[in-house]
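This is coords.txt. It holds compact mmCIF, C-alpha atoms.
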# COMPACT_ATOMS: atom_id res chain seq x y z
CA MET A 1 10.34 -5.99 10.39
CA SER A 2 9.40 -6.47 6.76
CA ALA A 3 12.67 -7.98 5.57
CA PRO A 4 12.96 -8.19 1.78
CA VAL A 5 11.33 -11.27 0.29
CA PRO A 6 12.81 -13.22 -2.61
CA LEU A 7 10.75 -12.81 -5.76
CA ALA A 8 11.00 -14.71 -9.05
CA LEU A 9 8.73 -13.99 -11.98
CA THR A 10 8.74 -13.59 -15.74
CA VAL A 11 8.53 -10.08 -17.16
CA ASN A 12 8.21 -9.59 -20.91
CA GLY A 13 9.59 -13.07 -21.49
CA VAL A 14 12.61 -12.62 -19.24
CA GLU A 15 12.98 -14.50 -15.95
CA VAL A 16 13.67 -12.02 -13.20
CA ALA A 17 14.78 -12.68 -9.61
CA ARG A 18 15.05 -9.92 -7.02
CA ALA A 19 14.54 -9.32 -3.33
CA VAL A 20 11.74 -6.84 -2.62
CA ALA A 21 10.16 -5.27 0.45
CA PRO A 22 6.64 -6.71 0.87
CA ARG A 23 5.04 -3.27 0.60
CA THR A 24 6.48 -2.64 -2.89
CA THR A 25 3.68 -2.59 -5.44
CA LEU A 26 4.10 -4.41 -8.73
CA ALA A 27 3.86 -1.01 -10.46
CA ASP A 28 6.77 0.38 -8.45
CA PHE A 29 8.76 -2.83 -8.90
CA LEU A 30 8.37 -2.64 -12.68
CA ARG A 31 9.16 1.06 -12.84
CA LEU A 32 11.90 1.43 -10.23
CA ASP A 33 13.60 -1.98 -10.05
CA LEU A 34 13.24 -3.01 -13.70
CA GLU A 35 13.12 0.52 -15.15
CA LEU A 36 10.08 -0.37 -17.25
CA THR A 37 8.56 3.09 -17.03
CA GLY A 38 5.95 2.54 -19.73
CA THR A 39 3.68 1.38 -16.92
CA HIS A 40 2.44 4.67 -15.49
CA THR A 41 1.35 5.41 -11.94
CA GLY A 42 -1.53 7.88 -11.85
CA CYS A 43 -4.03 7.60 -9.02
CA GLU A 44 -2.29 4.58 -7.44
CA MET A 45 -5.70 3.55 -6.10
CA GLY A 46 -6.97 1.31 -8.87
CA ALA A 47 -9.22 3.93 -10.42
CA CYS A 48 -7.34 5.47 -13.37
CA GLY A 49 -6.00 2.41 -15.20
CA ALA A 50 -2.68 3.98 -16.25
CA CYS A 51 -0.77 1.13 -14.54
CA LEU A 52 -2.50 -1.82 -16.20
CA VAL A 53 -0.27 -4.77 -17.06
CA MET A 54 -1.04 -8.31 -18.18
CA MET A 55 -0.65 -10.79 -15.31
CA ASP A 56 -0.98 -14.45 -16.26
CA GLY A 57 -2.90 -13.43 -19.36
CA VAL A 58 -5.36 -10.93 -17.88
CA PRO A 59 -5.14 -7.18 -17.23
CA VAL A 60 -4.64 -6.07 -13.62
CA HIS A 61 -4.00 -2.76 -11.87
CA SER A 62 -0.30 -3.15 -11.05
CA CYS A 63 -0.72 -0.49 -8.35
CA LEU A 64 -3.15 -2.83 -6.54
CA VAL A 65 -0.91 -5.89 -6.66
CA LEU A 66 2.05 -6.28 -4.34
CA ALA A 67 5.17 -7.34 -6.19
CA VAL A 68 5.43 -10.35 -3.86
CA GLN A 69 1.95 -11.46 -4.99
CA ALA A 70 3.37 -11.85 -8.49
CA GLU A 71 5.70 -14.66 -7.39
CA GLY A 72 5.81 -17.17 -10.26
CA ALA A 73 3.56 -14.99 -12.44
CA VAL A 74 4.00 -14.11 -16.08
CA ILE A 75 3.85 -10.33 -16.46
CA GLU A 76 3.69 -8.45 -19.71
CA THR A 77 3.97 -4.65 -19.75
CA VAL A 78 3.26 -2.25 -22.59
CA GLU A 79 6.97 -2.49 -23.52
CA GLY A 80 6.70 -6.27 -23.93
CA LEU A 81 3.49 -6.07 -25.94
CA SER A 82 5.05 -3.38 -28.11
CA GLU A 83 8.35 -5.17 -28.72
CA ARG A 84 6.77 -8.45 -29.77
CA GLY A 85 4.41 -6.63 -32.14
CA ALA A 86 1.27 -7.70 -30.30
CA ILE A 87 -0.18 -4.19 -30.34
CA ALA A 88 1.37 -2.87 -33.56
CA GLU A 89 -2.00 -2.50 -35.30
CA LEU A 90 -3.50 -0.85 -32.22
CA GLN A 91 -0.62 1.62 -32.04
CA GLN A 92 -1.01 2.41 -35.73
CA ALA A 93 -4.76 2.92 -35.34
CA PHE A 94 -4.25 5.13 -32.27
CA HIS A 95 -1.78 7.22 -34.28
CA GLN A 96 -4.04 7.53 -37.32
CA ARG A 97 -7.15 8.33 -35.32
CA ASN A 98 -5.39 10.74 -32.92
CA ALA A 99 -6.54 8.56 -30.03
CA LEU A 100 -4.18 10.23 -27.59
CA GLN A 101 -3.08 13.71 -26.73
CA CYS A 102 -0.82 13.83 -23.68
CA GLY A 103 -0.40 10.06 -23.79
CA PHE A 104 -0.28 9.48 -20.05
CA CYS A 105 -3.16 7.03 -20.02
CA THR A 106 -2.24 5.36 -23.31
CA PRO A 107 -0.14 2.43 -21.97
CA GLY A 108 -3.01 1.28 -19.75
CA VAL A 109 -5.54 1.78 -22.53
CA LEU A 110 -3.40 -0.26 -24.93
CA VAL A 111 -3.01 -3.09 -22.42
CA ASN A 112 -6.77 -3.20 -21.85
CA ALA A 113 -7.52 -2.96 -25.57
CA HIS A 114 -5.05 -5.77 -26.23
CA ALA A 115 -6.78 -7.94 -23.59
CA LEU A 116 -10.19 -7.20 -25.11
CA LEU A 117 -9.09 -8.00 -28.67
CA GLU A 118 -7.44 -11.24 -27.51
CA HIS A 119 -10.97 -12.60 -27.05
CA GLY A 120 -11.36 -12.40 -30.83
CA GLY A 121 -14.25 -11.12 -32.90
CA VAL A 122 -15.36 -7.53 -33.25
CA PRO A 123 -16.62 -6.13 -29.95
CA THR A 124 -19.47 -3.62 -30.01
CA ARG A 125 -18.71 -0.02 -29.09
CA GLU A 126 -20.56 -0.70 -25.84
CA ASP A 127 -18.29 -3.68 -25.16
CA ILE A 128 -15.26 -1.50 -25.83
CA ARG A 129 -16.50 1.22 -23.51
CA ASP A 130 -17.25 -1.36 -20.82
CA ALA A 131 -13.75 -2.82 -21.17
CA LEU A 132 -12.32 0.69 -20.82
CA SER A 133 -14.48 1.54 -17.79
CA GLY A 134 -11.37 1.49 -15.61
CA ASN A 135 -9.28 3.76 -17.85
CA TYR A 136 -9.37 7.49 -17.32
CA CYS A 137 -8.44 9.72 -20.26
CA ARG A 138 -8.69 13.46 -19.65
CA CYS A 139 -7.75 14.53 -23.21
CA THR A 140 -9.64 12.65 -25.88
CA GLY A 141 -13.21 12.24 -24.70
CA TYR A 142 -12.76 8.54 -25.52
CA GLU A 143 -14.48 8.63 -28.93
CA ALA A 144 -11.21 8.40 -30.83
CA ILE A 145 -9.96 5.63 -28.54
CA VAL A 146 -13.09 3.58 -29.14
CA ASP A 147 -12.77 4.27 -32.89
CA ALA A 148 -9.16 3.07 -32.95
CA ILE A 149 -9.93 -0.14 -31.06
CA GLU A 150 -12.96 -0.84 -33.22
CA THR A 151 -10.92 -0.24 -36.38
CA THR A 152 -8.23 -2.65 -35.19
CA ALA A 153 -10.81 -5.30 -34.35
CA ARG A 154 -12.33 -4.98 -37.82
CA LEU A 155 -8.92 -5.14 -39.45
CA ARG A 156 -8.05 -8.29 -37.57
CA ALA A 157 -11.41 -9.83 -38.38
CA GLY A 158 -10.70 -9.16 -42.05
CA ALA A 159 -13.65 -6.82 -42.36
CA GLU A 160 -13.61 -3.21 -43.49
CA GLY A 161 -10.79 -1.26 -41.92
CA GLN A 162 -12.72 1.96 -41.53
CA PRO A 163 -16.17 2.09 -39.99
CA MET B 1 2.06 2.08 3.12
CA TYR B 2 3.61 1.21 6.45
CA ALA B 3 5.95 -1.76 6.31
CA PHE B 4 4.64 -5.27 6.98
CA ASP B 5 5.77 -8.87 6.70
CA TYR B 6 4.35 -11.13 4.05
CA GLN B 7 3.60 -14.84 3.96
CA ARG B 8 2.01 -17.00 1.30
CA PRO B 9 1.23 -20.35 2.93
CA ALA B 10 0.35 -23.35 0.74
CA GLY B 11 -2.18 -24.78 3.19
CA LEU B 12 -5.00 -23.60 5.42
CA ASP B 13 -3.48 -24.86 8.70
CA GLU B 14 -0.33 -22.92 7.99
CA ALA B 15 -2.39 -19.82 7.16
CA LEU B 16 -4.38 -20.06 10.39
CA ALA B 17 -1.17 -20.53 12.39
CA ALA B 18 0.33 -17.46 10.70
CA LEU B 19 -2.78 -15.41 11.53
CA ARG B 20 -2.46 -16.31 15.21
CA ALA B 21 1.29 -15.80 15.30
CA GLY B 22 1.27 -12.03 15.81
CA GLU B 23 -0.68 -8.93 16.64
CA ASP B 24 -2.70 -7.36 13.82
CA VAL B 25 -1.96 -9.99 11.22
CA LYS B 26 -4.40 -9.58 8.33
CA VAL B 27 -5.59 -11.81 5.53
CA LEU B 28 -4.78 -10.76 1.96
CA ALA B 29 -7.31 -12.02 -0.58
CA GLY B 30 -7.57 -10.07 -3.86
CA GLY B 31 -6.20 -6.88 -2.33
CA GLN B 32 -8.39 -4.54 -4.38
CA THR B 33 -9.67 -2.78 -1.26
CA LEU B 34 -6.91 -3.72 1.17
CA LEU B 35 -4.12 -2.15 -0.87
CA PRO B 36 -5.85 1.25 -1.17
CA THR B 37 -6.58 1.03 2.57
CA LEU B 38 -2.92 0.37 3.34
CA LYS B 39 -1.80 3.15 1.00
CA GLN B 40 -3.98 5.62 2.86
CA ARG B 41 -2.48 4.35 6.11
CA LEU B 42 -5.93 3.51 7.39
CA ALA B 43 -4.56 0.15 8.55
CA GLN B 44 -1.20 -0.92 9.87
CA PRO B 45 -1.00 -4.70 9.92
CA SER B 46 2.21 -6.31 11.19
CA ALA B 47 1.94 -8.96 8.50
CA LEU B 48 -0.24 -10.06 5.60
CA VAL B 49 -1.15 -13.71 5.03
CA ASP B 50 -1.84 -14.19 1.31
CA LEU B 51 -4.36 -16.97 0.63
CA ALA B 52 -3.62 -17.15 -3.10
CA ALA B 53 -1.51 -20.32 -2.90
CA ILE B 54 -4.22 -22.45 -1.26
CA PRO B 55 -5.91 -24.06 -4.29
CA GLU B 56 -9.01 -25.43 -2.55
CA LEU B 57 -10.11 -21.89 -1.66
CA SER B 58 -10.74 -21.08 -5.34
CA ARG B 59 -13.04 -24.00 -6.07
CA ILE B 60 -16.57 -23.56 -7.42
CA GLU B 61 -18.88 -26.56 -6.89
CA HIS B 62 -22.46 -27.17 -7.92
CA GLY B 63 -24.36 -29.80 -5.93
CA PRO B 64 -28.07 -30.66 -5.99
CA TYR B 65 -28.96 -28.10 -3.33
CA PHE B 66 -26.09 -25.64 -3.19
CA LEU B 67 -23.66 -23.69 -5.29
CA THR B 68 -20.47 -23.36 -3.27
CA ILE B 69 -18.01 -20.65 -4.26
CA GLY B 70 -14.54 -20.72 -2.71
CA ALA B 71 -13.51 -17.55 -0.90
CA MET B 72 -10.63 -16.89 -3.31
CA ALA B 73 -12.72 -17.24 -6.48
CA ARG B 74 -12.13 -14.03 -8.46
CA HIS B 75 -15.10 -11.99 -9.69
CA ALA B 76 -14.11 -12.68 -13.31
CA GLU B 77 -14.10 -16.42 -12.61
CA VAL B 78 -17.57 -16.31 -11.08
CA ALA B 79 -18.85 -14.14 -13.94
CA ALA B 80 -17.48 -16.57 -16.56
CA SER B 81 -18.23 -19.85 -14.76
CA PRO B 82 -20.67 -22.08 -16.69
CA MET B 83 -21.48 -23.73 -13.36
CA VAL B 84 -22.56 -20.44 -11.79
CA ALA B 85 -24.45 -19.44 -14.94
CA GLU B 86 -26.40 -22.69 -14.78
CA ALA B 87 -27.04 -22.73 -11.04
CA ILE B 88 -27.69 -19.04 -10.27
CA PRO B 89 -27.39 -16.88 -13.42
CA ALA B 90 -28.15 -13.70 -11.46
CA LEU B 91 -25.00 -14.30 -9.41
CA ALA B 92 -22.82 -14.60 -12.51
CA GLU B 93 -24.37 -11.39 -13.81
CA LEU B 94 -23.72 -9.62 -10.51
CA ALA B 95 -20.06 -10.68 -10.52
CA GLY B 96 -19.67 -9.24 -14.03
CA LEU B 97 -20.94 -5.86 -12.84
CA ILE B 98 -18.35 -5.38 -10.09
CA GLY B 99 -15.80 -2.62 -10.65
CA ASP B 100 -13.89 -2.72 -13.93
CA PRO B 101 -12.42 -5.74 -15.76
CA ALA B 102 -9.00 -5.43 -14.11
CA VAL B 103 -10.53 -5.26 -10.63
CA ARG B 104 -12.66 -8.31 -11.46
CA ASN B 105 -9.50 -10.19 -12.40
CA ARG B 106 -8.14 -9.78 -8.86
CA GLY B 107 -11.05 -9.19 -6.46
CA THR B 108 -12.51 -12.19 -4.62
CA ILE B 109 -15.91 -13.05 -3.15
CA GLY B 110 -14.37 -13.76 0.26
CA GLY B 111 -12.59 -10.42 0.31
CA SER B 112 -15.73 -8.60 -0.76
CA ILE B 113 -17.98 -9.99 1.95
CA ALA B 114 -15.28 -9.81 4.66
CA ASN B 115 -14.88 -6.11 3.89
CA ASN B 116 -18.68 -5.55 3.83
CA ASP B 117 -18.46 -2.22 2.05
CA PRO B 118 -21.96 -0.68 2.10
CA THR B 119 -21.82 -0.31 -1.69
CA ALA B 120 -20.45 -3.81 -2.47
CA ASP B 121 -22.56 -6.14 -4.62
CA TYR B 122 -22.07 -9.62 -3.16
CA PRO B 123 -23.62 -8.88 0.27
CA ALA B 124 -26.99 -8.26 -1.43
CA ALA B 125 -26.85 -11.66 -3.15
CA CYS B 126 -25.85 -13.40 0.08
CA LEU B 127 -28.73 -11.87 1.99
CA ALA B 128 -31.40 -12.34 -0.68
CA LEU B 129 -30.42 -15.93 -1.50
CA GLY B 130 -30.01 -16.94 2.15
CA ALA B 131 -26.36 -17.89 1.73
CA THR B 132 -24.21 -19.46 4.41
CA VAL B 133 -20.68 -18.22 5.01
CA VAL B 134 -18.42 -21.19 5.73
CA THR B 135 -15.42 -20.21 7.82
CA SER B 136 -12.44 -21.97 9.36
CA THR B 137 -14.42 -22.48 12.57
CA ARG B 138 -18.17 -22.42 11.81
CA ARG B 139 -21.05 -21.78 9.45
CA ILE B 140 -22.67 -18.33 9.62
CA ALA B 141 -26.02 -17.44 8.03
CA ALA B 142 -25.76 -14.30 5.89
CA GLU B 143 -28.39 -12.68 8.15
CA ASP B 144 -25.97 -12.95 11.07
CA PHE B 145 -22.78 -12.33 9.10
CA PHE B 146 -23.25 -8.71 7.99
CA THR B 147 -23.39 -6.71 11.21
CA GLY B 148 -22.93 -3.10 10.07
CA LEU B 149 -20.81 -0.75 7.97
CA PHE B 150 -17.58 -2.60 7.18
CA GLU B 151 -18.42 -4.93 10.09
CA THR B 152 -18.99 -8.67 10.05
CA ALA B 153 -19.35 -11.49 12.56
CA LEU B 154 -15.84 -12.75 11.70
CA ALA B 155 -13.36 -13.14 14.56
CA GLU B 156 -9.80 -11.81 14.15
CA ASP B 157 -8.30 -15.22 13.39
CA GLU B 158 -11.27 -16.59 11.44
CA VAL B 159 -10.96 -17.13 7.69
CA ILE B 160 -13.78 -17.41 5.16
CA LEU B 161 -13.42 -20.65 3.20
CA ALA B 162 -16.46 -20.49 0.94
CA VAL B 163 -19.94 -19.12 0.47
CA GLU B 164 -22.76 -21.62 0.04
CA PHE B 165 -25.74 -20.41 -2.01
CA PRO B 166 -28.97 -22.44 -2.05
CA VAL B 167 -30.01 -23.08 -5.67
CA GLY B 168 -33.54 -23.12 -7.05
CA ALA B 169 -34.74 -19.57 -6.40
CA ARG B 170 -35.77 -17.29 -9.25
CA ALA B 171 -33.48 -14.33 -8.90
CA ALA B 172 -32.31 -11.11 -10.49
CA TYR B 173 -29.94 -8.28 -9.58
CA ARG B 174 -30.31 -4.74 -10.83
CA LYS B 175 -27.79 -2.06 -10.04
CA PHE B 176 -27.54 1.65 -10.68
CA ARG B 177 -23.82 2.21 -10.99
CA ASN B 178 -21.94 5.33 -10.17
CA PRO B 179 -20.72 6.05 -13.72
CA ALA B 180 -17.13 6.72 -12.59
CA SER B 181 -16.45 4.27 -9.78
CA ARG B 182 -19.03 1.64 -10.79
CA TYR B 183 -19.92 1.16 -7.15
CA ALA B 184 -23.63 0.59 -6.55
CA MET B 185 -25.55 3.77 -5.80
CA ALA B 186 -28.43 1.36 -5.43
CA GLY B 187 -28.29 -2.37 -5.99
CA VAL B 188 -31.27 -4.64 -5.44
CA PHE B 189 -31.16 -8.42 -5.44
CA VAL B 190 -34.58 -10.09 -5.55
CA ALA B 191 -34.99 -13.82 -4.95
CA ALA B 192 -38.29 -15.70 -5.05
CA ARG B 193 -38.78 -19.28 -3.90
CA ASP B 194 -41.95 -21.17 -2.96
CA GLY B 195 -43.94 -17.97 -2.48
CA GLU B 196 -41.26 -16.41 -0.25
CA VAL B 197 -39.68 -13.27 -1.67
CA ARG B 198 -36.50 -11.66 -0.40
CA VAL B 199 -35.38 -8.18 -1.41
CA ALA B 200 -31.83 -7.22 -0.40
CA VAL B 201 -30.53 -3.72 -0.96
CA THR B 202 -26.93 -2.53 -1.22
CA GLY B 203 -25.42 0.88 -1.89
CA ALA B 204 -28.13 2.72 -0.01
CA GLY B 205 -28.42 1.67 3.63
CA GLN B 206 -26.74 3.77 6.32
CA GLY B 207 -25.96 0.53 8.12
CA GLY B 208 -24.89 -1.39 5.02
CA VAL B 209 -26.81 -4.12 3.21
CA PHE B 210 -30.40 -4.66 4.40
CA ARG B 211 -33.64 -6.42 3.51
CA TRP B 212 -36.54 -4.22 2.41
CA ASN B 213 -39.31 -5.88 4.40
CA ASP B 214 -42.21 -3.82 3.02
CA ALA B 215 -41.24 -4.74 -0.53
CA GLU B 216 -40.94 -8.41 0.42
CA ALA B 217 -44.45 -8.39 1.89
CA ALA B 218 -45.92 -6.61 -1.13
CA LEU B 219 -44.20 -8.96 -3.59
CA SER B 220 -45.19 -12.07 -1.63
CA ALA B 221 -48.83 -11.02 -2.11
CA ASP B 222 -48.41 -9.95 -5.75
CA PHE B 223 -45.15 -10.69 -7.58
CA SER B 224 -45.21 -7.86 -10.09
CA PRO B 225 -43.38 -4.53 -10.48
CA ALA B 226 -46.69 -2.72 -9.91
CA ALA B 227 -46.89 -4.19 -6.41
CA LEU B 228 -44.12 -1.76 -5.41
CA ASP B 229 -45.85 1.34 -6.82
CA GLY B 230 -47.32 2.47 -3.52
CA LEU B 231 -44.17 1.89 -1.46
CA THR B 232 -41.55 4.42 -0.46
CA LEU B 233 -38.30 3.45 1.22
CA ASP B 234 -37.85 5.70 4.27
CA PRO B 235 -35.07 8.16 3.27
CA SER B 236 -34.09 8.73 6.90
CA ASP B 237 -32.31 5.34 6.83
CA VAL B 238 -30.68 5.93 3.44
CA MET B 239 -27.14 7.16 2.70
CA ALA B 240 -26.63 10.65 1.34
CA ASP B 241 -23.38 11.91 -0.16
CA LEU B 242 -22.12 14.02 -3.07
CA HIS B 243 -23.31 11.36 -5.51
CA GLY B 244 -26.92 11.52 -4.46
CA SER B 245 -29.36 12.58 -1.74
CA ALA B 246 -31.16 10.08 0.47
CA GLU B 247 -34.45 10.75 -1.34
CA TYR B 248 -32.82 10.16 -4.73
CA ARG B 249 -31.25 6.90 -3.58
CA ALA B 250 -34.53 5.73 -2.01
CA GLN B 251 -36.21 6.27 -5.37
CA LEU B 252 -33.36 4.45 -7.16
CA VAL B 253 -33.84 1.45 -4.86
CA LYS B 254 -37.50 1.27 -5.79
CA VAL B 255 -36.75 1.51 -9.51
CA MET B 256 -34.02 -1.15 -9.32
CA ALA B 257 -36.34 -3.42 -7.30
CA LYS B 258 -39.07 -3.06 -9.94
CA ARG B 259 -36.58 -3.83 -12.71
CA ALA B 260 -35.34 -6.93 -10.88
CA VAL B 261 -38.91 -8.16 -10.39
CA ALA B 262 -39.69 -7.47 -14.05
CA ALA B 263 -36.59 -9.44 -15.08
CA ILE B 264 -37.71 -12.45 -13.02
CA ALA B 265 -41.32 -12.25 -14.13
CA SER B 266 -40.48 -12.08 -17.84
Serialized structure, structure tokens:
Amino acid sequence: MSAPVPLALTVNGVEVARAVAPRTTLADFLRLDLELTGTHTGCEMGACGACLVMMDGVPVHSCLVLAVQAEGAVIETVEGLSERGAIAELQQAFHQRNALQCGFCTPGVLVNAHALLEHGGVPTREDIRDALSGNYCRCTGYEAIVDAIETTARLRAGAEGQP
Amino acid sequence: MYAFDYQRPAGLDEALAALRAGEDVKVLAGGQTLLPTLKQRLAQPSALVDLAAIPELSRIEHGPYFLTIGAMARHAEVAASPMVAEAIPALAELAGLIGDPAVRNRGTIGGSIANNDPTADYPAACLALGATVVTSTRRIAAEDFFTGLFETALAEDEVILAVEFPVGARAAYRKFRNPASRYAMAGVFVAARDGEVRVAVTGAGQGGVFRWNDAEAALSADFSPAALDGLTLDPSDVMADLHGSAEYRAQLVKVMAKRAVAAIAS
């Protein structure tokens, strides 16, 4: 029962082929098989958002996707986004604004913030909070996170860097 | 999770054959409820049949009388679809209120109605708009489809292909979200067509989604928020849990219903 299934997908620009048990989640596959531990597993029920990754261009809870469902998909984790510089301004803004304390939730928040800012323009604070509705942070109270994302959006839009 | 086999057929016939091939074979749509269920070991399927590789199941079509949404259409796709926004804007709005953005990127309309969670959003739209659930074997009116908490009229080897919504009604959906989970603590979908008004309520009924008949009668006579002033939803039929008492939820239903009516009337 449940023999491993061949799986081929692209992770952070690299084509990967493995055999996985069907019950392996994408989060566990990334962390355990590929050792990409920037993707965190918190609640593992799709509530906390620590495990968010980009899947075919949109954020998904990698704990609620089976690895086998990602056959042929293009996955980008926080490591990939970081290495290609896609979230450099966000990381800088998070640092400057102290938008993290323990940092456990930060990878998921960065992935979601990246997805939001990919739409272009400067989202309202309400838009930012709505986008982050699936990210739990128990340290910051969210204000600093919203500030950092807003600051980055303004920077990218060429407007004032500080609100 | 217990172990299971996995198949991702490229066609419907193959999927139906796979469903009939073993005991306790389950359909995998978006997985946003099924995966948590499996993780809690509340289900132990022998195999999952993933419908994601069957392209025709994701189609959205707008004809003169119906908007047809394929079972595998993701919530984010419905929310962003210009076709849905033109045909039934309230439905696009509803889809954009489900869960969080990442859940909306995976969750599907077929999965939502097949699960029939008493706090899910789509069942209210199906009931209020008089939708028809098109399956691999038959067409089921929404009235007959939702049969109780997490229960539907679907047979074990029956697969939802699409949901067909009649167009032309004036409609609005108003939802009071649990601030953490974003599930509906009370969601009311109101649809008005040719003097007939339907009021479908989710998030509150002990038996799942239901039509609020007293509100429908009152609104048919006078389509205004004030028409609901004198009504009280009987709390003895309303869910109570740590998020809210039955009386509180009954009041929320009334307020959401009035807001939906106000949105249509304006």
List as JSON lines every residue of segment 112-206 of chain B that is in contact with segment 47-53 of chain B, defined as an atom at most 12 Å from one of its atoms (using all atoms listed in the file), together with the nearest atom pair and the distance in Å rounded to one decimal, sorted by chain and then rising number.
{"residue": "B:Asp157", "atom": "CA", "partner": "B:Val49", "partner_atom": "CA", "distance": 11.1}
{"residue": "B:Val159", "atom": "CA", "partner": "B:Leu51", "partner_atom": "CA", "distance": 9.7}
{"residue": "B:Ile160", "atom": "CA", "partner": "B:Leu51", "partner_atom": "CA", "distance": 10.5}
{"residue": "B:Leu161", "atom": "CA", "partner": "B:Leu51", "partner_atom": "CA", "distance": 10.1}
With only C-alpha atoms counted and 10 Å as the cut-off, give the residues of chain B in contact with chain A, each with its shortest interatomic distance in Å and the pair that gives it, as a tab-separated table.
residue	atom	partner	partner_atom	distance
B:Met1	CA	A:Arg23	CA	6.6
B:Tyr2	CA	A:Arg23	CA	7.5
B:Ala3	CA	A:Ser2	CA	5.9
B:Phe4	CA	A:Ser2	CA	4.9
B:Asp5	CA	A:Ser2	CA	4.4
B:Tyr6	CA	A:Pro22	CA	5.9
B:Gln7	CA	A:Val68	CA	9.2
B:Arg8	CA	A:Gln69	CA	8.4
B:Leu28	CA	A:Gln69	CA	9.7
B:Gly30	CA	A:Val65	CA	8.3
B:Gly31	CA	A:Leu64	CA	6.6
B:Gln32	CA	A:Leu64	CA	5.9
B:Thr33	CA	A:Leu64	CA	8.4
B:Leu34	CA	A:Leu64	CA	8.6
B:Leu35	CA	A:Leu64	CA	5.8
B:Pro36	CA	A:Met45	CA	5.4
B:Thr37	CA	A:Met45	CA	9.1
B:Leu38	CA	A:Arg23	CA	9.2
B:Lys39	CA	A:Met45	CA	8.1
B:Gln40	CA	A:Met45	CA	9.4
B:Ser46	CA	A:Met1	CA	8.2
B:Ala47	CA	A:Ser2	CA	8.1
B:Leu48	CA	A:Pro22	CA	9.0
B:Asp50	CA	A:Gln69	CA	7.8
B:Ala52	CA	A:Gln69	CA	8.2
B:Ala53	CA	A:Gln69	CA	9.7
B:Leu97	CA	A:Asp130	CA	9.9
B:Gly99	CA	A:Gly134	CA	7.8
B:Asp100	CA	A:Gly134	CA	5.2
B:Pro101	CA	A:Ala131	CA	6.3
B:Ala102	CA	A:Val60	CA	4.4
B:Val103	CA	A:Val60	CA	6.7
B:Arg104	CA	A:Val60	CA	8.6
B:Asn105	CA	A:Val60	CA	6.5
B:Arg106	CA	A:Val60	CA	7.0
B:Pro179	CA	A:Ser133	CA	8.7
B:Ala180	CA	A:Ser133	CA	7.8
B:Ser181	CA	A:Ala47	CA	7.3
B:Arg182	CA	A:Ser133	CA	8.3
> For the point (-40.1, -4.9, 1.7) in file coordinates, what residues are within 12 Å, counting only C-alpha atoms? Give the answer as a PyMOL selection string?
Replying inline: chain B and resi 128+188-190+196-201+210-221+227-228+230-234+253-254+257-258
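Using all atoms listed in the file, the set of residues no farther than 10 Å from the position (-18.7, -16.0, 6.1) comprises B:Ala71, B:Gly110, B:Ile113, B:Ala114, B:Cys126, B:Ala131, B:Thr132, B:Val133, B:Val134, B:Thr135, B:Ser136, B:Arg138, B:Arg139, B:Ile140, B:Ala141, B:Ala142, B:Asp144, B:Phe145, B:Phe146, B:Thr152, B:Ala153, B:Leu154, B:Glu158, B:Val159, B:Ile160, B:Leu161, B:Ala162, B:Val163, B:Glu164.
Distances from B:Ala43, B:Ala250, B:Leu16, B:Ala171 to Ser236 of chain B were compared using only C-alpha atoms, and the smallest one belongs to B:Ala250.
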Would you fill out segment 127-133 of chain B with N, CA, C and O atoms and return it as a PDB file, in the coordinates of the input?
ATOM      1  N   LEU B 127     -27.557 -12.080   1.146  1.00  0.00           N
ATOM      2  CA  LEU B 127     -28.730 -11.870   1.990  1.00  0.00           C
ATOM      3  C   LEU B 127     -30.012 -12.340   1.302  1.00  0.00           C
ATOM      4  O   LEU B 127     -30.839 -13.025   1.901  1.00  0.00           O
ATOM      5  N   ALA B 128     -30.162 -11.994   0.029  1.00  0.00           N
ATOM      6  CA  ALA B 128     -31.400 -12.340  -0.680  1.00  0.00           C
ATOM      7  C   ALA B 128     -31.509 -13.849  -0.914  1.00  0.00           C
ATOM      8  O   ALA B 128     -32.597 -14.418  -0.853  1.00  0.00           O
ATOM      9  N   LEU B 129     -30.383 -14.498  -1.201  1.00  0.00           N
ATOM     10  CA  LEU B 129     -30.420 -15.930  -1.500  1.00  0.00           C
ATOM     11  C   LEU B 129     -30.337 -16.791  -0.245  1.00  0.00           C
ATOM     12  O   LEU B 129     -30.454 -18.006  -0.313  1.00  0.00           O
ATOM     13  N   GLY B 130     -30.129 -16.167   0.910  1.00  0.00           N
ATOM     14  CA  GLY B 130     -30.010 -16.940   2.150  1.00  0.00           C
ATOM     15  C   GLY B 130     -28.755 -17.778   2.174  1.00  0.00           C
ATOM     16  O   GLY B 130     -28.786 -18.957   2.541  1.00  0.00           O
ATOM     17  N   ALA B 131     -27.628 -17.166   1.792  1.00  0.00           N
ATOM     18  CA  ALA B 131     -26.360 -17.890   1.730  1.00  0.00           C
ATOM     19  C   ALA B 131     -25.828 -18.186   3.132  1.00  0.00           C
ATOM     20  O   ALA B 131     -26.234 -17.565   4.112  1.00  0.00           O
ATOM     21  N   THR B 132     -24.920 -19.144   3.183  1.00  0.00           N
ATOM     22  CA  THR B 132     -24.210 -19.460   4.410  1.00  0.00           C
ATOM     23  C   THR B 132     -22.732 -19.215   4.188  1.00  0.00           C
ATOM     24  O   THR B 132     -22.173 -19.674   3.186  1.00  0.00           O
ATOM     25  N   VAL B 133     -22.113 -18.474   5.098  1.00  0.00           N
ATOM     26  CA  VAL B 133     -20.680 -18.220   5.010  1.00  0.00           C
ATOM     27  C   VAL B 133     -19.965 -19.315   5.803  1.00  0.00           C
ATOM     28  O   VAL B 133     -20.187 -19.474   7.006  1.00  0.00           O
TER      29      VAL B 133
END
